[in-house]
Structures are given as C-alpha cells and as structure tokens.
file target24.cif (mmCIF, C-alpha atoms)
data_data
loop_
_atom_site.label_atom_id
_atom_site.label_comp_id
_atom_site.auth_asym_id
_atom_site.auth_seq_id
_atom_site.Cartn_x
_atom_site.Cartn_y
_atom_site.Cartn_z
CA MET A 1341 5.89 3.60 20.40
CA ARG A 1342 7.67 5.22 17.47
CA ALA A 1343 5.27 6.76 14.96
CA HIS A 1344 5.77 7.60 11.30
CA ARG A 1345 3.02 9.61 9.63
CA LEU A 1346 2.94 9.59 5.83
CA LEU A 1347 0.72 12.07 4.06
CA ALA A 1348 0.13 12.46 0.33
CA LEU A 1349 -0.19 16.11 -0.66
CA ALA A 1350 -3.37 17.26 -2.40
CA VAL A 1351 -3.21 17.56 -6.18
CA LEU A 1352 -3.07 21.17 -7.27
CA PRO A 1353 -4.58 22.21 -10.60
CA LEU A 1354 -2.20 21.30 -13.42
CA ALA A 1355 0.18 19.65 -10.96
CA ALA A 1356 2.01 16.74 -12.50
CA SER A 1357 2.82 14.75 -9.40
CA LEU A 1358 2.19 14.19 -5.72
CA GLY A 1359 4.64 14.24 -2.90
CA ALA A 1360 4.81 12.86 0.59
CA CYS A 1361 5.95 14.35 3.83
CA VAL A 1362 7.01 12.42 6.86
CA SER A 1363 6.97 13.49 10.48
CA VAL A 1364 8.49 11.37 13.19
CA THR A 1365 7.52 11.53 16.87
CA ASP A 1366 8.97 9.86 19.96
CA ASN A 1367 11.80 8.33 17.96
CA ASP A 1368 15.06 7.60 19.78
CA TYR A 1369 16.74 6.89 16.40
CA GLY A 1370 16.52 10.53 15.26
CA SER A 1371 14.43 11.40 12.23
CA ALA A 1372 15.19 8.34 10.07
CA PRO A 1373 11.85 6.64 9.34
CA ASP A 1374 13.69 3.60 7.96
CA ARG A 1375 14.32 2.48 11.56
CA ALA A 1376 10.79 1.23 12.27
CA ALA A 1377 10.57 -1.59 14.79
CA VAL A 1378 7.85 -4.04 15.79
CA GLY A 1379 4.78 -2.02 16.77
CA ASP A 1380 5.80 1.03 14.74
CA PHE A 1381 3.36 2.37 12.19
CA GLY A 1382 2.92 4.66 9.22
CA GLU A 1383 -0.11 6.30 7.64
CA ALA A 1384 -0.68 6.96 3.94
CA THR A 1385 -3.46 9.20 2.67
CA LEU A 1386 -5.52 7.59 -0.11
CA ILE A 1387 -6.63 9.78 -3.01
CA ASN A 1388 -8.88 9.10 -5.99
CA THR A 1389 -8.08 9.93 -9.62
CA SER A 1390 -9.50 13.46 -9.12
CA GLY A 1391 -7.00 14.04 -6.31
CA ALA A 1392 -9.61 14.04 -3.54
CA ASN A 1393 -8.70 12.53 -0.18
CA ILE A 1394 -10.91 9.43 0.20
CA GLY A 1395 -9.33 7.70 3.18
CA ARG A 1396 -6.17 6.29 4.65
CA ALA A 1397 -4.08 3.20 5.12
CA VAL A 1398 -2.39 2.58 8.46
CA LEU A 1399 0.59 0.22 8.40
CA THR A 1400 1.64 -1.52 11.60
CA GLN A 1401 4.82 -3.58 11.77
CA GLY A 1402 4.53 -6.98 13.40
CA PRO A 1403 7.28 -9.48 14.19
CA THR A 1404 6.51 -11.60 11.11
CA GLY A 1405 4.84 -9.14 8.74
CA LEU A 1406 2.81 -6.04 8.18
CA VAL A 1407 -0.83 -5.31 9.05
CA ILE A 1408 -2.47 -2.75 6.76
CA ARG A 1409 -5.77 -1.20 7.88
CA ILE A 1410 -7.61 0.40 4.96
CA GLU A 1411 -10.43 2.90 5.45
CA ALA A 1412 -11.84 4.59 2.33
CA ASP A 1413 -15.08 6.06 1.00
CA GLY A 1414 -16.41 6.82 -2.48
CA LEU A 1415 -15.60 3.52 -4.18
CA THR A 1416 -17.87 1.38 -6.32
CA PRO A 1417 -19.68 -1.16 -4.13
CA GLY A 1418 -18.22 -4.67 -4.33
CA TRP A 1419 -14.83 -6.35 -4.29
CA HIS A 1420 -11.61 -4.54 -5.24
CA GLY A 1421 -8.07 -5.73 -5.81
CA VAL A 1422 -5.45 -3.99 -3.70
CA HIS A 1423 -1.70 -4.23 -4.21
CA ILE A 1424 1.56 -2.70 -3.03
CA HIS A 1425 3.26 -0.97 -5.95
CA ALA A 1426 6.99 -0.35 -6.29
CA THR A 1427 7.16 3.45 -6.62
CA GLY A 1428 5.94 6.08 -4.17
CA GLU A 1429 4.15 8.23 -6.72
CA CYS A 1430 0.40 8.77 -7.12
CA ALA A 1431 -0.10 10.91 -10.22
CA ALA A 1432 -3.48 9.99 -11.76
CA PRO A 1433 -4.20 7.52 -13.30
CA PHE A 1434 -1.63 6.10 -10.84
CA THR A 1435 0.52 4.31 -13.41
CA SER A 1436 3.34 6.39 -11.89
CA ALA A 1437 3.26 3.89 -8.99
CA GLY A 1438 4.80 1.33 -11.35
CA GLY A 1439 4.30 -2.41 -11.02
CA HIS A 1440 4.03 -4.45 -7.84
CA ILE A 1441 6.94 -4.75 -5.46
CA ASN A 1442 8.49 -7.97 -6.75
CA HIS A 1443 12.15 -8.38 -5.97
CA ALA A 1444 12.45 -12.16 -6.21
CA GLU A 1445 14.76 -13.57 -8.87
CA PRO A 1446 13.35 -14.87 -11.05
CA LYS A 1447 10.33 -12.57 -10.69
CA ALA A 1448 7.31 -14.33 -9.18
CA PRO A 1449 4.08 -14.23 -11.20
CA HIS A 1450 1.01 -12.46 -9.85
CA GLY A 1451 -1.56 -14.21 -7.73
CA LEU A 1452 -2.16 -15.43 -4.19
CA LEU A 1453 -3.72 -18.56 -5.76
CA ASN A 1454 -1.05 -18.97 -8.45
CA ALA A 1455 1.08 -22.09 -7.90
CA GLN A 1456 4.22 -20.13 -8.96
CA GLY A 1457 3.22 -16.93 -7.11
CA PRO A 1458 2.49 -14.74 -5.37
CA ASP A 1459 4.53 -11.65 -6.11
CA ASP A 1460 5.49 -9.47 -3.14
CA GLY A 1461 2.80 -6.84 -3.82
CA ASP A 1462 -0.17 -9.22 -3.83
CA LEU A 1463 -2.76 -8.69 -1.09
CA PRO A 1464 -6.23 -10.15 -0.42
CA ASN A 1465 -9.20 -8.36 -2.02
CA ILE A 1466 -11.11 -5.75 -0.04
CA HIS A 1467 -14.86 -5.09 -0.12
CA ALA A 1468 -16.74 -1.79 -0.43
CA ASP A 1469 -20.23 -1.85 1.10
CA ALA A 1470 -23.39 -0.53 -0.60
CA GLN A 1471 -22.33 3.04 0.26
CA GLY A 1472 -18.85 2.53 -1.27
CA ARG A 1473 -17.06 2.36 2.12
CA ILE A 1474 -14.11 0.09 2.80
CA ARG A 1475 -13.11 -0.85 6.34
CA ALA A 1476 -10.61 -3.71 6.10
CA GLU A 1477 -7.39 -5.13 7.48
CA VAL A 1478 -4.96 -7.20 5.45
CA PHE A 1479 -1.75 -8.91 6.51
CA THR A 1480 1.34 -9.66 4.47
CA THR A 1481 4.63 -11.36 5.26
CA ARG A 1482 6.03 -10.03 1.96
CA ALA A 1483 6.41 -6.36 3.00
CA ARG A 1484 7.77 -4.43 5.96
CA ILE A 1485 8.42 -0.93 7.25
CA ALA A 1486 11.07 -2.14 9.70
CA ALA A 1487 14.66 -1.72 8.51
CA ASP A 1488 15.26 -5.44 9.01
CA GLY A 1489 13.07 -8.51 8.94
CA PRO A 1490 10.92 -10.53 6.55
CA GLY A 1491 9.49 -9.07 3.34
CA GLN A 1492 10.32 -6.22 1.01
CA TRP A 1493 11.22 -2.89 2.60
CA LEU A 1494 8.59 -0.30 1.59
CA TRP A 1495 10.57 2.82 2.52
CA ASP A 1496 13.41 2.39 0.05
CA ALA A 1497 14.80 5.30 -2.00
CA ASP A 1498 11.76 5.60 -4.31
CA GLY A 1499 9.17 4.55 -1.72
CA SER A 1500 6.09 2.53 -2.56
CA ALA A 1501 2.35 3.00 -2.97
CA LEU A 1502 -0.82 1.21 -1.96
CA VAL A 1503 -3.15 1.00 -4.97
CA ILE A 1504 -6.84 0.04 -4.99
CA HIS A 1505 -8.20 -1.25 -8.31
CA ALA A 1506 -11.67 -0.95 -9.85
CA ASN A 1507 -12.39 -4.69 -9.96
CA VAL A 1508 -11.84 -7.87 -7.99
CA ASP A 1509 -8.48 -9.64 -8.33
CA ASP A 1510 -8.89 -13.30 -9.38
CA HIS A 1511 -5.47 -14.04 -7.79
CA ARG A 1512 -4.36 -16.10 -10.82
CA SER A 1513 -4.33 -14.31 -14.17
CA GLN A 1514 -1.48 -12.09 -15.33
CA PRO A 1515 -0.44 -9.42 -14.84
CA ILE A 1516 -2.89 -8.17 -12.13
CA GLY A 1517 -5.64 -10.74 -11.89
CA GLY A 1518 -8.11 -8.74 -13.98
CA ALA A 1519 -8.29 -6.04 -11.28
CA GLY A 1520 -8.64 -3.27 -13.86
CA ASP A 1521 -8.04 0.45 -13.53
CA ARG A 1522 -6.27 2.00 -10.55
CA VAL A 1523 -8.92 4.02 -8.71
CA ALA A 1524 -7.15 5.03 -5.47
CA CYS A 1525 -3.54 5.45 -4.42
CA GLY A 1526 -1.59 6.29 -1.26
CA ILE A 1527 2.12 7.08 -1.08
CA MET A 1528 4.33 5.17 1.37
CA ALA A 1529 7.74 6.85 1.28
CA ALA A 1530 10.47 7.93 3.65
CA GLY A 1531 10.92 11.62 2.91
#
call {"tool": "encode", "arguments": {"input": "target24.cif", "output": "structure tokens"}}
result
Amino acid sequence: MRAHRLLALAVLPLAASLGACVSVTDNDYGSAPDRAAVGDFGEATLINTSGANIGRAVLTQGPTGLVIRIEADGLTPGWHGVHIHATGECAAPFTSAGGHINHAEPKAPHGLLNAQGPDDGDLPNIHADAQGRIRAEVFTTRARIAADGPGQWLWDADGSALVIHANVDDHRSQPIGGAGDRVACGIMAAG
C-alpha cells in the first residue's frame, strides 16, 4: 500500500501561516504524492484557532470516492458542519482556506439537501460527544486523492483543507448552511 502522510506544522508565535510536509513510503511512483491509487491514504493534522493539535483526518481512496475518518477532541458538544475547502492553508481564523472546492460550471450552490446542489466540498455533519470528541467517517464521491477518477483532485497546486465549523450545517442555506465560524482546520496538500 502506498502511503502519503500530511502534517500541518504547529503555529509559532507571530507566525502568519501554516505549512504542510509530505513524506511518501513504499511508493513505486517515486515521491509524487499526486499518484495515489485505490487504497492509498493521506493524513492531515487538525488544529484549532489557537494552533493546538486537536486531532487528525485520514483520507483513504476508494474506487468510487474518498473515505475521510475524522478524530478530534476539544470541540463544543453537538453537531458540526465539515467541508473541504479549496486552499491548503490553515492560518486562524482559517479564512485562508478559501471557499469550498467547487469546480462545476456553473458553480453548484451549497447543500447536500439543496435541489441545485451540492457543491464539491459539502460533507455530512459530524457529532462531538459530551466531552467534545469526534470519531466519525464520511464518504464523498466529489473528491479524490488519486490522480485520476471521480471527484475533485485535492492535491492540486494550492492543495485543500478540511474545515470543521462551530455549528451544524442545515445543508440548504447559502453560503455554508449556517455552519458558522471555522473552529478547526487541517491542510491536505502535496508538498
């Protein structure tokens, strides 16, 4: 199995941005992480707005889409919107991650329950338990880490980010379903 490990660097005092480093193991394609195949995976470190590591997201490529396992601590108990954002940057308050990946023309509106949607970055909500822990898996056919296949490629030139929001996503209203502030972010980028 080819493995791609993505790690967001810790925020240093007065640092303006975060970076990502990629290491590749057991890869017969050389060091190019854009050559992921079915079964390949990546891992993004999730940080909060203070820059503390609060968990991780593990991405596993399937033949028809991407499974994302999210494990995080320190969130407000309850439901949270989670989306894939278009830029691999996680400078608090995470607006540096840009909008959702949404490459359709014309652009699709937000919302898994929107008759004209969803956009490519929309994912199902995730739930934090009474202790603020999230242990969830989501699946999307609209994103991929494999060089070819269905969905938007996450490891393009400017990467992408997984963003967890403060509130539940209603999957209908624009632009983000009322999900509120961005409270956690993890960079998904290819070096």
call {"tool": "residues_around", "arguments": {"input": "target24.cif", "residues": "A:Asp1460", "least_positions_apart": "2", "cutoff": "8 Å", "atoms": "only C-alpha atoms", "output": "PyMOL selection string"}}
result
chain A and resi 1424+1440-1443+1448+1458+1462+1482-1483+1491-1492
call {"tool": "residues_around", "arguments": {"input": "target24.cif", "residues": "A:Gln1514", "least_positions_apart": "4", "cutoff": "12 Å", "atoms": "all atoms listed in the file", "output": "PyMOL selection string"}}
result
chain A and resi 1448-1454+1456-1459+1462+1509-1510+1518-1520
call {"tool": "closest_atom_pairs", "arguments": {"input": "target24.cif", "of": "stretch 1402-1472 of chain A", "to": "stretch 1377-1385 of chain A", "cutoff": "12 Å", "atoms": "all atoms listed in the file", "output": "tab-separated table"}}
result
residue	atom	partner	partner_atom	distance
A:Gly1402	CA	A:Val1378	CA	5.0
A:Pro1403	CA	A:Val1378	CA	5.7
A:Thr1404	CA	A:Val1378	CA	9.0
A:Gly1405	CA	A:Val1378	CA	9.2
A:Leu1406	CA	A:Phe1381	CA	9.3
A:Val1407	CA	A:Phe1381	CA	9.3
A:Ile1408	CA	A:Glu1383	CA	9.4
A:Arg1409	CA	A:Glu1383	CA	9.4
A:Ile1410	CA	A:Ala1384	CA	9.6
A:Glu1411	CA	A:Thr1385	CA	9.8
A:Ala1412	CA	A:Thr1385	CA	9.6
A:Gly1428	CA	A:Ala1384	CA	10.5
A:Glu1429	CA	A:Ala1384	CA	11.8
A:Cys1430	CA	A:Thr1385	CA	10.5
call {"tool": "axis_aligned_box", "arguments": {"input": "target24.cif", "around": "stretch 1459-1465 of chain A", "padding_each_side": "6 Å", "output": "AutoDock Vina command-line options"}}
result
--center_x -1.9 --center_y -9.2 --center_z -3.3 --size_x 26.7 --size_y 16.8 --size_z 17.7
call {"tool": "resolve_selection", "arguments": {"input": "target24.cif", "expression": "the PyMOL selection byres ((chain A and resi 1475) around 10)", "output": "PyMOL selection string"}}
result
chain A and resi 1395+1397+1409-1413+1466-1469+1473-1474+1476-1477
call {"tool": "atom_distance", "arguments": {"input": "target24.cif", "atom1": "atom CA of A:Asn1393", "atom2": "atom CA of A:Ala1432"}}
result
13.0 Å
call {"tool": "resolve_selection", "arguments": {"input": "target24.cif", "expression": "the PyMOL selection byres ((chain A and resi 1501) around 9)", "output": "list in words"}}
result
Ala1384, His1423, Ile1424, His1425, Ala1426, Thr1427, Gly1428, Glu1429, Cys1430, Ala1437, Gly1438, Leu1494, Gly1499, Ser1500, Leu1502, Val1503, Cys1525, Gly1526, Ile1527, Met1528 and Ala1529 of chain A
call {"tool": "write_last_selection", "arguments": {"input": "target24.cif", "atoms": "C-alpha atoms", "output": "tab-separated table (two decimals), in the coordinates of the input"}}
result
chain	number	residue	atom	x	y	z
A	1384	ALA	CA	-0.68	6.96	3.94
A	1423	HIS	CA	-1.70	-4.23	-4.21
A	1424	ILE	CA	1.56	-2.70	-3.03
A	1425	HIS	CA	3.26	-0.97	-5.95
A	1426	ALA	CA	6.99	-0.35	-6.29
A	1427	THR	CA	7.16	3.45	-6.62
A	1428	GLY	CA	5.94	6.08	-4.17
A	1429	GLU	CA	4.15	8.23	-6.72
A	1430	CYS	CA	0.40	8.77	-7.12
A	1437	ALA	CA	3.26	3.89	-8.99
A	1438	GLY	CA	4.80	1.33	-11.35
A	1494	LEU	CA	8.59	-0.30	1.59
A	1499	GLY	CA	9.17	4.55	-1.72
A	1500	SER	CA	6.09	2.53	-2.56
A	1502	LEU	CA	-0.82	1.21	-1.96
A	1503	VAL	CA	-3.15	1.00	-4.97
A	1525	CYS	CA	-3.54	5.45	-4.42
A	1526	GLY	CA	-1.59	6.29	-1.26
A	1527	ILE	CA	2.12	7.08	-1.08
A	1528	MET	CA	4.33	5.17	1.37
A	1529	ALA	CA	7.74	6.85	1.28
call {"tool": "atom_distance", "arguments": {"input": "target24.cif", "atom1": "atom CA of A:Pro1433", "atom2": "atom CA of A:Ile1394"}}
result
15.2 Å
call {"tool": "atom_distance", "arguments": {"input": "target24.cif", "atom1": "atom CA of A:Ala1506", "atom2": "atom CA of A:Asp1521"}}
result
5.4 Å
call {"tool": "closest_residue", "arguments": {"input": "target24.cif", "among": "A:Trp1419, A:Phe1434, A:Phe1479, A:Trp1495", "to": "A:Val1508", "atoms": "only C-alpha atoms"}}
result
A:Trp1419
